[in-house]
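A.B. asks: I'm passing along final10.pdb; it holds PDB, C-alpha atoms and all ligand atoms.
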```pdb
ATOM      1  CA  MET A 932     -62.334 -10.672  84.822
ATOM      2  CA  LYS A 933     -63.638 -11.858  81.419
ATOM      3  CA  LYS A 934     -60.908 -13.498  79.296
ATOM      4  CA  VAL A 935     -60.431 -11.884  75.874
ATOM      5  CA  ARG A 936     -60.414 -14.446  73.056
ATOM      6  CA  TRP A 937     -58.560 -13.352  69.949
ATOM      7  CA  MET A 938     -59.242 -15.167  66.726
ATOM      8  CA  ILE A 939     -56.168 -14.663  64.544
ATOM      9  CA  LEU A 940     -52.656 -15.196  65.842
ATOM     10  CA  THR A 941     -49.875 -13.571  63.800
ATOM     11  CA  ILE A 942     -46.290 -14.795  64.145
ATOM     12  CA  THR A 943     -43.223 -12.642  63.384
ATOM     13  CA  LEU A 944     -40.128 -14.510  64.484
ATOM     14  CA  ASN A 945     -37.719 -11.937  63.056
ATOM     15  CA  PRO A 946     -39.407  -8.531  63.401
ATOM     16  CA  ALA A 947     -37.696  -5.300  62.410
ATOM     17  CA  ILE A 948     -37.895  -1.574  62.547
ATOM     18  CA  ASP A 949     -38.490  -0.713  58.908
ATOM     19  CA  MET A 950     -36.771   2.530  57.945
ATOM     20  CA  SER A 951     -37.954   3.928  54.607
ATOM     21  CA  TYR A 952     -35.748   6.674  53.178
ATOM     22  CA  HIS A 953     -37.477   8.647  50.410
ATOM     23  CA  LEU A 954     -34.645  10.141  48.370
ATOM     24  CA  SER A 955     -34.787  12.897  45.770
ATOM     25  CA  SER A 956     -31.401  11.787  44.403
ATOM     26  CA  PHE A 957     -29.287   8.699  44.975
ATOM     27  CA  HIS A 958     -25.570   8.312  44.300
ATOM     28  CA  ILE A 959     -23.455   5.289  45.165
ATOM     29  CA  ASN A 960     -20.108   6.114  46.809
ATOM     30  CA  ASP A 961     -21.305   9.612  47.751
ATOM     31  CA  VAL A 962     -23.235  11.371  50.539
ATOM     32  CA  ASN A 963     -27.022  11.157  50.164
ATOM     33  CA  ARG A 964     -29.148  13.397  52.386
ATOM     34  CA  CYS A 965     -32.720  12.548  53.188
ATOM     35  CA  ASN A 966     -35.499  14.718  54.624
ATOM     36  CA  ARG A 967     -38.251  12.111  54.549
ATOM     37  CA  VAL A 968     -37.784   9.070  56.768
ATOM     38  CA  ILE A 969     -40.624   6.782  57.830
ATOM     39  CA  LYS A 970     -40.052   4.443  60.760
ATOM     40  CA  THR A 971     -42.471   1.514  61.138
ATOM     41  CA  ALA A 972     -42.837  -1.559  63.339
ATOM     42  CA  GLY A 973     -42.099  -4.074  60.612
ATOM     43  CA  GLY A 974     -41.162  -7.520  59.585
ATOM     44  CA  LYS A 975     -43.761  -9.177  57.406
ATOM     45  CA  GLY A 976     -45.926 -10.498  60.251
ATOM     46  CA  LEU A 977     -46.329  -7.064  61.816
ATOM     47  CA  ASN A 978     -47.513  -5.679  58.468
ATOM     48  CA  VAL A 979     -50.050  -8.530  58.443
ATOM     49  CA  SER A 980     -51.088  -7.573  61.994
ATOM     50  CA  ARG A 981     -51.666  -3.914  61.163
ATOM     51  CA  VAL A 982     -53.833  -4.780  58.153
ATOM     52  CA  ILE A 983     -55.947  -7.231  60.177
ATOM     53  CA  ARG A 984     -56.310  -4.457  62.766
ATOM     54  CA  CYS A 985     -57.874  -2.264  60.036
ATOM     55  CA  THR A 986     -60.754  -4.780  59.882
ATOM     56  CA  SER A 987     -63.073  -5.777  62.700
ATOM     57  CA  GLU A 988     -61.248  -9.083  63.354
ATOM     58  CA  ARG A 989     -59.467  -9.580  66.655
ATOM     59  CA  LEU A 990     -55.834 -10.610  66.718
ATOM     60  CA  CYS A 991     -52.799 -11.229  68.856
ATOM     61  CA  ALA A 992     -49.223 -10.769  67.597
ATOM     62  CA  THR A 993     -46.338 -12.922  68.793
ATOM     63  CA  GLY A 994     -42.676 -13.619  68.035
ATOM     64  CA  PHE A 995     -39.362 -12.505  69.562
ATOM     65  CA  LEU A 996     -38.412  -8.949  70.605
ATOM     66  CA  GLY A 997     -35.305  -7.542  72.250
ATOM     67  CA  GLY A 998     -33.430  -4.344  73.110
ATOM     68  CA  THR A 999     -34.544  -0.777  72.469
ATOM     69  CA  ASN A1000     -35.814  -1.651  68.993
ATOM     70  CA  GLY A1001     -37.969  -4.305  70.616
ATOM     71  CA  GLN A1002     -39.335  -1.715  73.028
ATOM     72  CA  PHE A1003     -40.078   0.669  70.132
ATOM     73  CA  ILE A1004     -42.119  -2.090  68.442
ATOM     74  CA  ARG A1005     -44.012  -2.881  71.653
ATOM     75  CA  ASN A1006     -44.906   0.828  72.024
ATOM     76  CA  GLU A1007     -46.043   1.000  68.393
ATOM     77  CA  LEU A1008     -48.243  -2.071  68.832
ATOM     78  CA  ASP A1009     -49.742  -0.527  71.969
ATOM     79  CA  SER A1010     -50.507   2.718  70.193
ATOM     80  CA  ASN A1011     -52.079   0.779  67.305
ATOM     81  CA  GLN A1012     -54.101  -1.134  69.911
ATOM     82  CA  ILE A1013     -52.771  -4.476  68.750
ATOM     83  CA  LEU A1014     -52.701  -7.110  71.464
ATOM     84  CA  HIS A1015     -49.239  -8.715  71.666
ATOM     85  CA  ARG A1016     -47.488 -11.535  73.509
ATOM     86  CA  PHE A1017     -43.824 -11.549  72.383
ATOM     87  CA  VAL A1018     -41.020 -13.510  74.005
ATOM     88  CA  ASP A1019     -38.204 -11.314  75.344
ATOM     89  CA  ILE A1020     -34.763 -12.083  73.969
ATOM     90  CA  LYS A1021     -31.237 -11.047  74.904
ATOM     91  CA  GLY A1022     -30.326  -9.854  71.395
ATOM     92  CA  ASP A1023     -31.433  -6.628  69.707
ATOM     93  CA  THR A1024     -34.328  -6.657  67.238
ATOM     94  CA  ARG A1025     -33.027  -5.686  63.785
ATOM     95  CA  ASN A1026     -33.450  -2.690  61.453
ATOM     96  CA  CYS A1027     -34.450  -3.098  57.794
ATOM     97  CA  ILE A1028     -33.797  -0.272  55.375
ATOM     98  CA  ALA A1029     -35.647   0.598  52.184
ATOM     99  CA  LEU A1030     -34.188   3.269  49.886
ATOM    100  CA  LEU A1031     -36.945   4.676  47.697
ATOM    101  CA  TYR A1032     -35.769   6.637  44.721
ATOM    102  CA  ASP A1033     -37.194   7.324  41.268
ATOM    103  CA  GLY A1034     -39.994   4.760  41.634
ATOM    104  CA  GLN A1035     -37.465   2.076  42.578
ATOM    105  CA  GLN A1036     -36.867   0.353  45.861
ATOM    106  CA  THR A1037     -33.555  -0.945  47.223
ATOM    107  CA  GLU A1038     -33.780  -2.942  50.448
ATOM    108  CA  ILE A1039     -31.072  -3.694  52.993
ATOM    109  CA  LEU A1040     -32.293  -6.318  55.438
ATOM    110  CA  GLU A1041     -30.249  -7.021  58.568
ATOM    111  CA  GLU A1042     -29.995 -10.672  59.495
ATOM    112  CA  GLY A1043     -31.246  -9.986  63.016
ATOM    113  CA  PRO A1044     -30.404 -11.388  66.456
ATOM    114  CA  ALA A1045     -29.704 -15.043  67.247
ATOM    115  CA  ILE A1046     -32.300 -16.906  69.266
ATOM    116  CA  SER A1047     -31.007 -19.145  72.061
ATOM    117  CA  GLU A1048     -32.336 -22.651  72.695
ATOM    118  CA  GLU A1049     -33.915 -21.423  75.917
ATOM    119  CA  GLU A1050     -35.705 -18.563  74.111
ATOM    120  CA  ALA A1051     -36.971 -20.924  71.404
ATOM    121  CA  LYS A1052     -38.312 -23.289  74.074
ATOM    122  CA  LYS A1053     -40.076 -20.404  75.795
ATOM    123  CA  PHE A1054     -41.659 -19.399  72.477
ATOM    124  CA  ILE A1055     -43.045 -22.917  71.907
ATOM    125  CA  GLU A1056     -44.540 -22.993  75.423
ATOM    126  CA  ASN A1057     -46.087 -19.577  74.901
ATOM    127  CA  TYR A1058     -47.366 -20.612  71.436
ATOM    128  CA  GLN A1059     -49.002 -23.819  72.745
ATOM    129  CA  ASP A1060     -51.003 -21.630  75.072
ATOM    130  CA  LEU A1061     -51.788 -18.818  72.594
ATOM    131  CA  ILE A1062     -53.183 -21.016  69.832
ATOM    132  CA  ASN A1063     -55.993 -22.188  72.091
ATOM    133  CA  ASP A1064     -57.539 -18.759  71.520
ATOM    134  CA  ALA A1065     -56.948 -18.700  67.752
ATOM    135  CA  ASP A1066     -58.756 -20.234  64.789
ATOM    136  CA  VAL A1067     -56.346 -18.962  62.133
ATOM    137  CA  ILE A1068     -52.585 -18.528  62.513
ATOM    138  CA  THR A1069     -50.291 -16.612  60.153
ATOM    139  CA  ALA A1070     -46.498 -16.984  60.139
ATOM    140  CA  SER A1071     -44.495 -14.597  57.987
ATOM    141  CA  GLY A1072     -40.913 -13.848  57.086
ATOM    142  CA  SER A1073     -37.449 -15.240  57.582
ATOM    143  CA  LEU A1074     -36.352 -17.424  60.474
ATOM    144  CA  PRO A1075     -33.858 -15.749  62.799
ATOM    145  CA  LYS A1076     -30.441 -17.307  63.418
ATOM    146  CA  GLY A1077     -30.419 -20.016  66.050
ATOM    147  CA  LEU A1078     -33.748 -21.567  65.013
ATOM    148  CA  LYS A1079     -33.729 -24.808  63.020
ATOM    149  CA  PRO A1080     -35.010 -24.576  59.407
ATOM    150  CA  SER A1081     -37.789 -26.924  60.553
ATOM    151  CA  PHE A1082     -39.080 -24.453  63.171
ATOM    152  CA  TYR A1083     -42.179 -23.528  61.158
ATOM    153  CA  GLN A1084     -42.759 -27.243  60.584
ATOM    154  CA  THR A1085     -42.966 -27.733  64.359
ATOM    155  CA  LEU A1086     -45.414 -24.836  64.732
ATOM    156  CA  ILE A1087     -47.619 -26.181  61.909
ATOM    157  CA  GLU A1088     -47.699 -29.665  63.411
ATOM    158  CA  ILE A1089     -48.831 -28.259  66.758
ATOM    159  CA  ALA A1090     -51.535 -26.153  65.037
ATOM    160  CA  ASN A1091     -52.757 -29.049  62.871
ATOM    161  CA  LYS A1092     -53.175 -31.275  65.926
ATOM    162  CA  LYS A1093     -55.512 -28.659  67.366
ATOM    163  CA  GLY A1094     -57.422 -28.209  64.082
ATOM    164  CA  LYS A1095     -56.216 -24.630  63.462
ATOM    165  CA  LYS A1096     -55.704 -23.146  59.985
ATOM    166  CA  PHE A1097     -52.044 -22.187  59.492
ATOM    167  CA  ILE A1098     -50.959 -19.730  56.771
ATOM    168  CA  LEU A1099     -47.237 -19.889  55.990
ATOM    169  CA  ASP A1100     -45.536 -17.045  54.112
ATOM    170  CA  THR A1101     -41.801 -17.590  54.056
ATOM    171  CA  SER A1102     -38.997 -18.456  51.660
ATOM    172  CA  GLY A1103     -35.986 -20.720  51.050
ATOM    173  CA  GLU A1104     -35.222 -23.565  53.413
ATOM    174  CA  ALA A1105     -37.905 -22.499  55.915
ATOM    175  CA  LEU A1106     -40.586 -22.846  53.203
ATOM    176  CA  ARG A1107     -39.132 -26.101  51.878
ATOM    177  CA  GLU A1108     -39.234 -27.599  55.387
ATOM    178  CA  GLY A1109     -42.503 -25.929  56.376
ATOM    179  CA  ILE A1110     -44.602 -27.403  53.554
ATOM    180  CA  LYS A1111     -43.740 -30.915  54.768
ATOM    181  CA  ALA A1112     -46.038 -30.325  57.758
ATOM    182  CA  LYS A1113     -49.050 -29.450  55.546
ATOM    183  CA  PRO A1114     -49.828 -25.789  56.262
ATOM    184  CA  TYR A1115     -53.383 -24.763  55.308
ATOM    185  CA  LEU A1116     -52.280 -22.017  52.906
ATOM    186  CA  ILE A1117     -48.975 -20.948  51.384
ATOM    187  CA  LYS A1118     -48.343 -17.787  49.368
ATOM    188  CA  PRO A1119     -44.980 -17.874  47.592
ATOM    189  CA  ASN A1120     -44.195 -15.170  45.045
ATOM    190  CA  LEU A1121     -42.485 -16.059  41.761
ATOM    191  CA  ASP A1122     -38.965 -15.779  43.239
ATOM    192  CA  GLU A1123     -39.872 -17.942  46.212
ATOM    193  CA  LEU A1124     -41.530 -20.518  43.941
ATOM    194  CA  SER A1125     -38.477 -20.526  41.660
ATOM    195  CA  GLN A1126     -36.211 -21.130  44.674
ATOM    196  CA  LEU A1127     -38.468 -23.935  45.817
ATOM    197  CA  CYS A1128     -38.351 -25.808  42.528
ATOM    198  CA  ASN A1129     -34.756 -24.818  41.643
ATOM    199  CA  ARG A1130     -35.611 -23.190  38.323
ATOM    200  CA  LYS A1131     -36.809 -19.794  37.094
ATOM    201  CA  VAL A1132     -40.612 -19.667  36.898
ATOM    202  CA  THR A1133     -42.274 -16.713  35.179
ATOM    203  CA  MET A1134     -45.166 -17.729  32.897
ATOM    204  CA  ASP A1135     -48.622 -18.687  34.192
ATOM    205  CA  GLU A1136     -48.359 -22.120  32.547
ATOM    206  CA  GLU A1137     -45.056 -22.748  34.335
ATOM    207  CA  VAL A1138     -46.633 -21.818  37.680
ATOM    208  CA  ILE A1139     -49.453 -24.275  37.077
ATOM    209  CA  ALA A1140     -47.017 -27.000  36.020
ATOM    210  CA  VAL A1141     -44.856 -26.495  39.135
ATOM    211  CA  ILE A1142     -47.890 -26.654  41.407
ATOM    212  CA  GLN A1143     -49.083 -29.815  39.661
ATOM    213  CA  ASN A1144     -45.750 -31.579  39.511
ATOM    214  CA  SER A1145     -44.022 -30.453  42.708
ATOM    215  CA  LEU A1146     -46.546 -29.174  45.247
ATOM    216  CA  LEU A1147     -49.778 -31.181  45.059
ATOM    217  CA  GLU A1148     -48.127 -34.098  46.839
ATOM    218  CA  TYR A1149     -47.983 -32.001  50.042
ATOM    219  CA  GLU A1150     -51.815 -31.848  50.187
ATOM    220  CA  ILE A1151     -51.899 -28.145  51.068
ATOM    221  CA  GLU A1152     -55.474 -26.775  50.997
ATOM    222  CA  TYR A1153     -54.624 -23.468  49.297
ATOM    223  CA  ILE A1154     -51.535 -22.772  47.189
ATOM    224  CA  VAL A1155     -51.470 -19.137  46.094
ATOM    225  CA  VAL A1156     -48.638 -17.836  43.933
ATOM    226  CA  SER A1157     -48.585 -14.048  44.003
ATOM    227  CA  LEU A1158     -47.699 -12.287  40.752
ATOM    228  CA  GLY A1159     -47.455  -8.666  41.948
ATOM    229  CA  GLN A1160     -49.745  -6.300  40.046
ATOM    230  CA  ARG A1161     -50.920  -9.216  37.871
ATOM    231  CA  GLY A1162     -52.705 -10.789  40.863
ATOM    232  CA  SER A1163     -52.198 -14.475  41.568
ATOM    233  CA  ILE A1164     -52.606 -18.054  40.458
ATOM    234  CA  ALA A1165     -54.151 -20.325  43.044
ATOM    235  CA  TYR A1166     -54.961 -23.970  43.549
ATOM    236  CA  HIS A1167     -57.669 -25.270  45.865
ATOM    237  CA  GLN A1168     -59.242 -28.714  45.956
ATOM    238  CA  GLY A1169     -58.611 -29.746  42.360
ATOM    239  CA  VAL A1170     -59.282 -26.337  40.788
ATOM    240  CA  PHE A1171     -56.814 -23.744  39.490
ATOM    241  CA  TYR A1172     -57.802 -20.072  39.627
ATOM    242  CA  LYS A1173     -56.341 -16.947  38.077
ATOM    243  CA  ILE A1174     -57.296 -13.829  40.020
ATOM    244  CA  THR A1175     -56.743 -10.538  38.229
ATOM    245  CA  PRO A1176     -57.098  -7.291  40.188
ATOM    246  CA  PRO A1177     -58.170  -3.986  38.631
ATOM    247  CA  LYS A1178     -55.406  -1.682  37.359
ATOM    248  CA  VAL A1179     -54.607   0.863  40.055
ATOM    249  CA  GLN A1180     -52.068   3.636  40.560
ATOM    250  CA  SER A1181     -49.580   1.967  42.889
ATOM    251  CA  VAL A1182     -48.238   4.361  45.536
ATOM    252  CA  ASN A1183     -46.278   2.010  47.820
ATOM    253  CA  PRO A1184     -46.214  -1.729  47.014
ATOM    254  CA  ILE A1185     -44.128  -2.610  50.122
ATOM    255  CA  GLY A1186     -46.185  -4.945  52.296
ATOM    256  CA  SER A1187     -48.752  -5.835  49.593
ATOM    257  CA  GLY A1188     -47.890  -9.539  49.914
ATOM    258  CA  ASP A1189     -48.315  -9.215  53.692
ATOM    259  CA  SER A1190     -51.620  -7.481  53.151
ATOM    260  CA  MET A1191     -52.696 -10.388  50.938
ATOM    261  CA  VAL A1192     -51.954 -12.779  53.806
ATOM    262  CA  ALA A1193     -54.071 -10.600  56.110
ATOM    263  CA  GLY A1194     -56.959 -10.803  53.609
ATOM    264  CA  PHE A1195     -56.726 -14.599  53.483
ATOM    265  CA  ALA A1196     -56.653 -14.805  57.285
ATOM    266  CA  VAL A1197     -59.710 -12.557  57.677
ATOM    267  CA  ALA A1198     -61.679 -14.462  55.019
ATOM    268  CA  LEU A1199     -60.772 -17.865  56.512
ATOM    269  CA  GLN A1200     -61.679 -16.606  59.951
ATOM    270  CA  ARG A1201     -65.095 -15.640  58.577
ATOM    271  CA  ASN A1202     -65.512 -19.042  56.869
ATOM    272  CA  TYR A1203     -65.909 -17.472  53.445
ATOM    273  CA  SER A1204     -66.193 -19.640  50.315
ATOM    274  CA  PRO A1205     -62.925 -20.565  48.517
ATOM    275  CA  GLU A1206     -63.475 -17.957  45.782
ATOM    276  CA  GLN A1207     -64.175 -15.292  48.387
ATOM    277  CA  VAL A1208     -61.026 -16.255  50.283
ATOM    278  CA  LEU A1209     -58.949 -15.831  47.110
ATOM    279  CA  VAL A1210     -60.622 -12.576  46.127
ATOM    280  CA  TYR A1211     -60.280 -11.122  49.628
ATOM    281  CA  GLY A1212     -56.553 -11.788  49.795
ATOM    282  CA  ASN A1213     -55.943 -10.263  46.389
ATOM    283  CA  ALA A1214     -58.126  -7.257  47.165
ATOM    284  CA  PHE A1215     -56.224  -6.554  50.384
ATOM    285  CA  GLY A1216     -52.924  -6.686  48.453
ATOM    286  CA  THR A1217     -54.233  -4.147  45.932
ATOM    287  CA  LEU A1218     -55.625  -1.910  48.678
ATOM    288  CA  ASN A1219     -52.237  -1.767  50.400
ATOM    289  CA  ALA A1220     -50.443  -0.795  47.182
ATOM    290  CA  ILE A1221     -52.597   2.326  46.731
ATOM    291  CA  GLU A1222     -51.774   3.630  50.217
ATOM    292  CA  GLU A1223     -48.651   5.485  51.230
ATOM    293  CA  LYS A1224     -48.408   3.654  54.552
ATOM    294  CA  THR A1225     -46.991   0.111  54.622
ATOM    295  CA  GLY A1226     -49.395  -2.435  56.076
ATOM    296  CA  PHE A1227     -52.532  -0.342  55.886
ATOM    297  CA  ILE A1228     -55.788  -0.571  53.926
ATOM    298  CA  ASP A1229     -58.848   1.637  53.651
ATOM    299  CA  THR A1230     -61.596  -0.862  54.506
ATOM    300  CA  SER A1231     -64.292   1.378  52.989
ATOM    301  CA  GLN A1232     -62.797   0.481  49.586
ATOM    302  CA  ILE A1233     -62.899  -3.338  49.996
ATOM    303  CA  ASP A1234     -66.209  -3.896  48.170
ATOM    304  CA  TYR A1235     -65.275  -1.431  45.415
ATOM    305  CA  ILE A1236     -62.041  -3.351  44.656
ATOM    306  CA  ILE A1237     -63.636  -6.786  45.078
ATOM    307  CA  ASN A1238     -66.331  -5.956  42.539
ATOM    308  CA  GLN A1239     -63.625  -5.314  39.942
ATOM    309  CA  MET A1240     -61.680  -8.538  40.576
ATOM    310  CA  ILE A1241     -61.747 -11.096  37.756
ATOM    311  CA  VAL A1242     -61.718 -14.756  38.800
ATOM    312  CA  ASP A1243     -61.013 -17.333  36.088
ATOM    313  CA  LYS A1244     -61.007 -21.058  36.602
ATOM    314  CA  ILE A1245     -58.251 -22.631  34.505
ATOM    315  CA  PHE A1246     -57.896 -26.030  32.818
ATOM    316  CA  PRO A1247     -54.572 -27.204  34.249
ATOM    317  CA  LEU A1248     -53.143 -28.722  31.090
ATOM    318  CA  SER A1249     -54.028 -26.155  28.433
ATOM    319  CA  GLY A1250     -53.987 -23.094  30.678
ATOM    320  CA  LYS A1251     -57.282 -22.186  28.935
ATOM    321  CA  SER A1252     -59.886 -20.208  30.851
ATOM    322  CA  ILE A1253     -63.245 -21.952  31.547
ATOM    323  CA  ARG A1254     -64.954 -18.894  32.995
TER     324      ARG A1254
HETATM  325  O1  LIG A1301     -41.071  -6.955  52.191
HETATM  326  C1  LIG A1301     -40.592  -5.953  53.067
HETATM  327  C2  LIG A1301     -40.649  -6.434  54.464
HETATM  328  O2  LIG A1301     -41.976  -6.755  54.665
HETATM  329  C3  LIG A1301     -40.142  -5.401  55.434
HETATM  330  O3  LIG A1301     -41.166  -5.070  56.301
HETATM  331  C4  LIG A1301     -38.944  -6.023  56.134
HETATM  332  O4  LIG A1301     -39.032  -5.955  57.490
HETATM  333  C5  LIG A1301     -38.778  -7.367  55.509
HETATM  334  O5  LIG A1301     -39.886  -7.606  54.677
HETATM  335  C6  LIG A1301     -38.467  -8.542  56.347
HETATM  336  O6  LIG A1301     -38.422  -9.745  55.595
HETATM  337  P1  LIG A1301     -37.870 -11.089  56.157
HETATM  338  O7  LIG A1301     -38.229 -12.105  55.123
HETATM  339  O8  LIG A1301     -36.390 -10.914  56.327
HETATM  340  O9  LIG A1301     -38.543 -11.369  57.454
END
```
Let me see the structure of the file written as structure tokens.

C.D. replies:
Amino acid sequence: MKKVRWMILTITLNPAIDMSYHLSSFHINDVNRCNRVIKTAGGKGLNVSRVIRCTSERLCATGFLGGTNGQFIRNELDSNQILHRFVDIKGDTRNCIALLYDGQQTEILEEGPAISEEEAKKFIENYQDLINDADVITASGSLPKGLKPSFYQTLIEIANKKGKKFILDTSGEALREGIKAKPYLIKPNLDELSQLCNRKVTMDEEVIAVIQNSLLEYEIEYIVVSLGQRGSIAYHQGVFYKITPPKVQSVNPIGSGDSMVAGFAVALQRNYSPEQVLVYGNAFGTLNAIEEKTGFIDTSQIDYIINQMIVDKIFPLSGKSIR
């Protein structure tokens, strides 16, 4: 039988069933009834997987799954025709809750199950085998309990030895440790960047200064700081970019950062130019925000959105555009 070679490997170490409750009223310390609940196979890496699946690129999803929630996710991946190779765990995969009311979103994220040493070892063995069939690897979200904060670092080192491009999208200690292994691309948002440099970062000039002063030493190919609807500021090989997406009517921004990661992975897989890589990621983020479903894009709209993207190259010190 012919062996199927996938090209993008997505990693979700702490997947979740995402429950979105759309509420017409919301009162603390009272009973709130809800007639619109959406249940999705979630965790950031599974959102990435679904968006890649919307394109023609082939992928395989991996991570840890356990219990009936784990089985639900496996069934969802099967029905979305997403190839998957998860490691079975004893614990139960978590639930994450989003309460959507009056244009606002309140999230309750369970910590998730603990991973045993044996399960972590099994994952690494499985991963060593899976990456042989991948050119680009994405790793998204929090690390589950039981794994060392340097777990992503280990995965990046293994990928780098084999010449694979590793995209890391995580936060806190896992990001701090992960960047030491030189991932190919990182995509912190402003909160994650602020955590990383231990001070509040909001302005474009501050983002550029933090990249220059605190991140360049790690020699990461692409550093992309996502700014929500304002797009992103990126650094690649000595050049800073500001990418501004067109103004759109946002319907559901959940998963837009994950969608951005999917866009980067697809563009890297296709060996696009650096500007195209940056534009693709941003376009995918925008396309997700205009859809009701989390982790979904309408691929027929990619060119339409890309044509409206503004890419400015920036002088690092003055923040002045040189477009
Ligand atoms: O940003 C929302 C989300 O993508 C949800 O899908 C939810 O599962 C959550 O993130 C998980 O984030 P974490 O960082 O805990 O892995």

A.B. asks: Neighbours of ligand LIG 1301 (chain A) within 6 Å, counting all atoms listed in the file, as a ChimeraX atom specification?

C.D. replies: /A:945,947,949,973-975,1027,1072-1073,1185-1186

A.B. asks: Would you export the selected residues with C-alpha atoms as a PDB file, in the coordinates of the input, please?

C.D. replies:
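In the end it all went to result-v8.pdb:
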```pdb
ATOM      1  CA  ASN A 945     -37.719 -11.937  63.056  1.00  0.00           C
ATOM      2  CA  ALA A 947     -37.696  -5.300  62.410  1.00  0.00           C
ATOM      3  CA  ASP A 949     -38.490  -0.713  58.908  1.00  0.00           C
ATOM      4  CA  GLY A 973     -42.099  -4.074  60.612  1.00  0.00           C
ATOM      5  CA  GLY A 974     -41.162  -7.520  59.585  1.00  0.00           C
ATOM      6  CA  LYS A 975     -43.761  -9.177  57.406  1.00  0.00           C
ATOM      7  CA  CYS A1027     -34.450  -3.098  57.794  1.00  0.00           C
ATOM      8  CA  GLY A1072     -40.913 -13.848  57.086  1.00  0.00           C
ATOM      9  CA  SER A1073     -37.449 -15.240  57.582  1.00  0.00           C
ATOM     10  CA  ILE A1185     -44.128  -2.610  50.122  1.00  0.00           C
ATOM     11  CA  GLY A1186     -46.185  -4.945  52.296  1.00  0.00           C
TER      12      GLY A1186
END
```

A.B. asks: For atom CA of A:Ala1193 and atom CA of A:Thr943, determine how far apart the two atoms are, in Å to one decimal place.

C.D. replies: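 Going from atom CA of A:Ala1193 over to atom CA of A:Thr943 covers 13.2 Å.
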
A.B. asks: On this structure, which residues satisfy the PyMOL selection byres (((chain A and resi 1085) around 12) and not hetatm), written as a count of residues only?

C.D. replies: 29

A.B. asks: Exactly which residues make up the result of the PyMOL selection byres (((chain A and resi 938) around 12) and not hetatm) on this file, given as a PyMOL selection string?

C.D. replies: chain A and resi 935-937+939-941+983-984+987-992+1014+1061-1069+1095-1096+1196-1201

A.B. asks: Per residue of stretch 963-1081 of chain A within 10 Å of stretch 1224-1234 of chain A, which atom pair is closest and at what distance in Å (one decimal), using all atoms listed in the file, listed by chain and increasing number, as a Markdown table?

C.D. replies:
```
| residue | atom | partner | partner_atom | distance |
| --- | --- | --- | --- | --- |
| A:Ile969 | CA | A:Lys1224 | CA | 9.0 |
| A:Thr971 | CA | A:Thr1225 | CA | 8.1 |
| A:Ala972 | CA | A:Thr1225 | CA | 9.8 |
| A:Gly973 | CA | A:Gly1226 | CA | 8.7 |
| A:Lys975 | CA | A:Gly1226 | CA | 8.9 |
| A:Gly976 | CA | A:Gly1226 | CA | 9.7 |
| A:Leu977 | CA | A:Gly1226 | CA | 8.0 |
| A:Asn978 | CA | A:Gly1226 | CA | 4.4 |
| A:Val979 | CA | A:Gly1226 | CA | 6.6 |
| A:Ser980 | CA | A:Gly1226 | CA | 8.0 |
| A:Arg981 | CA | A:Gly1226 | CA | 5.8 |
| A:Val982 | CA | A:Phe1227 | CA | 5.2 |
| A:Ile983 | CA | A:Phe1227 | CA | 8.8 |
| A:Arg984 | CA | A:Phe1227 | CA | 8.9 |
| A:Cys985 | CA | A:Ile1228 | CA | 6.7 |
| A:Thr986 | CA | A:Thr1230 | CA | 6.7 |
| A:Ser987 | CA | A:Thr1230 | CA | 9.7 |
```

A.B. asks: For each of A:Gly994, A:Pro1075, A:Gly1169, A:Pro1044, take the minimum atom-to-atom distance to A:Ile1154, counting only C-alpha atoms, then give the residue where this is smallest.

C.D. replies: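 Of all the options, A:Gly1169 lies closest to A:Ile1154.
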
A.B. asks: Just the residues within 6 Å of A:Phe1215, please, counting all atoms listed in the file, with nothing from its chain fewer than 4 positions along; format it as number ranges by chain.

C.D. replies: A: 1190-1191, 1194

A.B. asks: Go ahead and find all residues with at least one atom no further than 10 Å from (-35.8, 3.5, 45.3) in the file's coordinates, using only C-alpha atoms; report them as number ranges by chain.

C.D. replies: A: 951-957, 1029-1038

A.B. asks: Given the file shown, enumerate the residues that the PyMOL selection byres (((chain A and resi 1017-1022) around 6) and not hetatm) captures and present them as a compact mmCIF listing (two decimals) with C-alpha atoms, in the coordinates of the input.

C.D. replies:
```txt
# COMPACT_ATOMS: atom_id res chain seq x y z
CA THR A 993 -46.34 -12.92 68.79
CA GLY A 994 -42.68 -13.62 68.04
CA PHE A 995 -39.36 -12.50 69.56
CA LEU A 996 -38.41 -8.95 70.60
CA GLY A 997 -35.30 -7.54 72.25
CA ARG A 1016 -47.49 -11.54 73.51
CA ASP A 1023 -31.43 -6.63 69.71
CA PRO A 1044 -30.40 -11.39 66.46
```

A.B. asks: By how many Å are atom CA of A:Leu1146 and atom CA of A:Leu1218 apart?

C.D. replies: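 Atom-to-atom, atom CA of A:Leu1146 and atom CA of A:Leu1218 are spaced 28.9 Å apart.
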
A.B. asks: Measure the distance from atom CA of A:Gly1103 to atom CA of A:Val1156 in Å and round it to one decimal.

C.D. replies: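 Interatomic distance here is 14.8 Å.
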
A.B. asks: My list of candidates is A:Asp1009, A:Glu1048, A:Asp1122, A:Asp1060. Which is closest to A:Lys1093 when distances are computed with all atoms listed in the file?

C.D. replies: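 Using all atoms listed in the file, the shortest distance to A:Lys1093 belongs to A:Asp1060.
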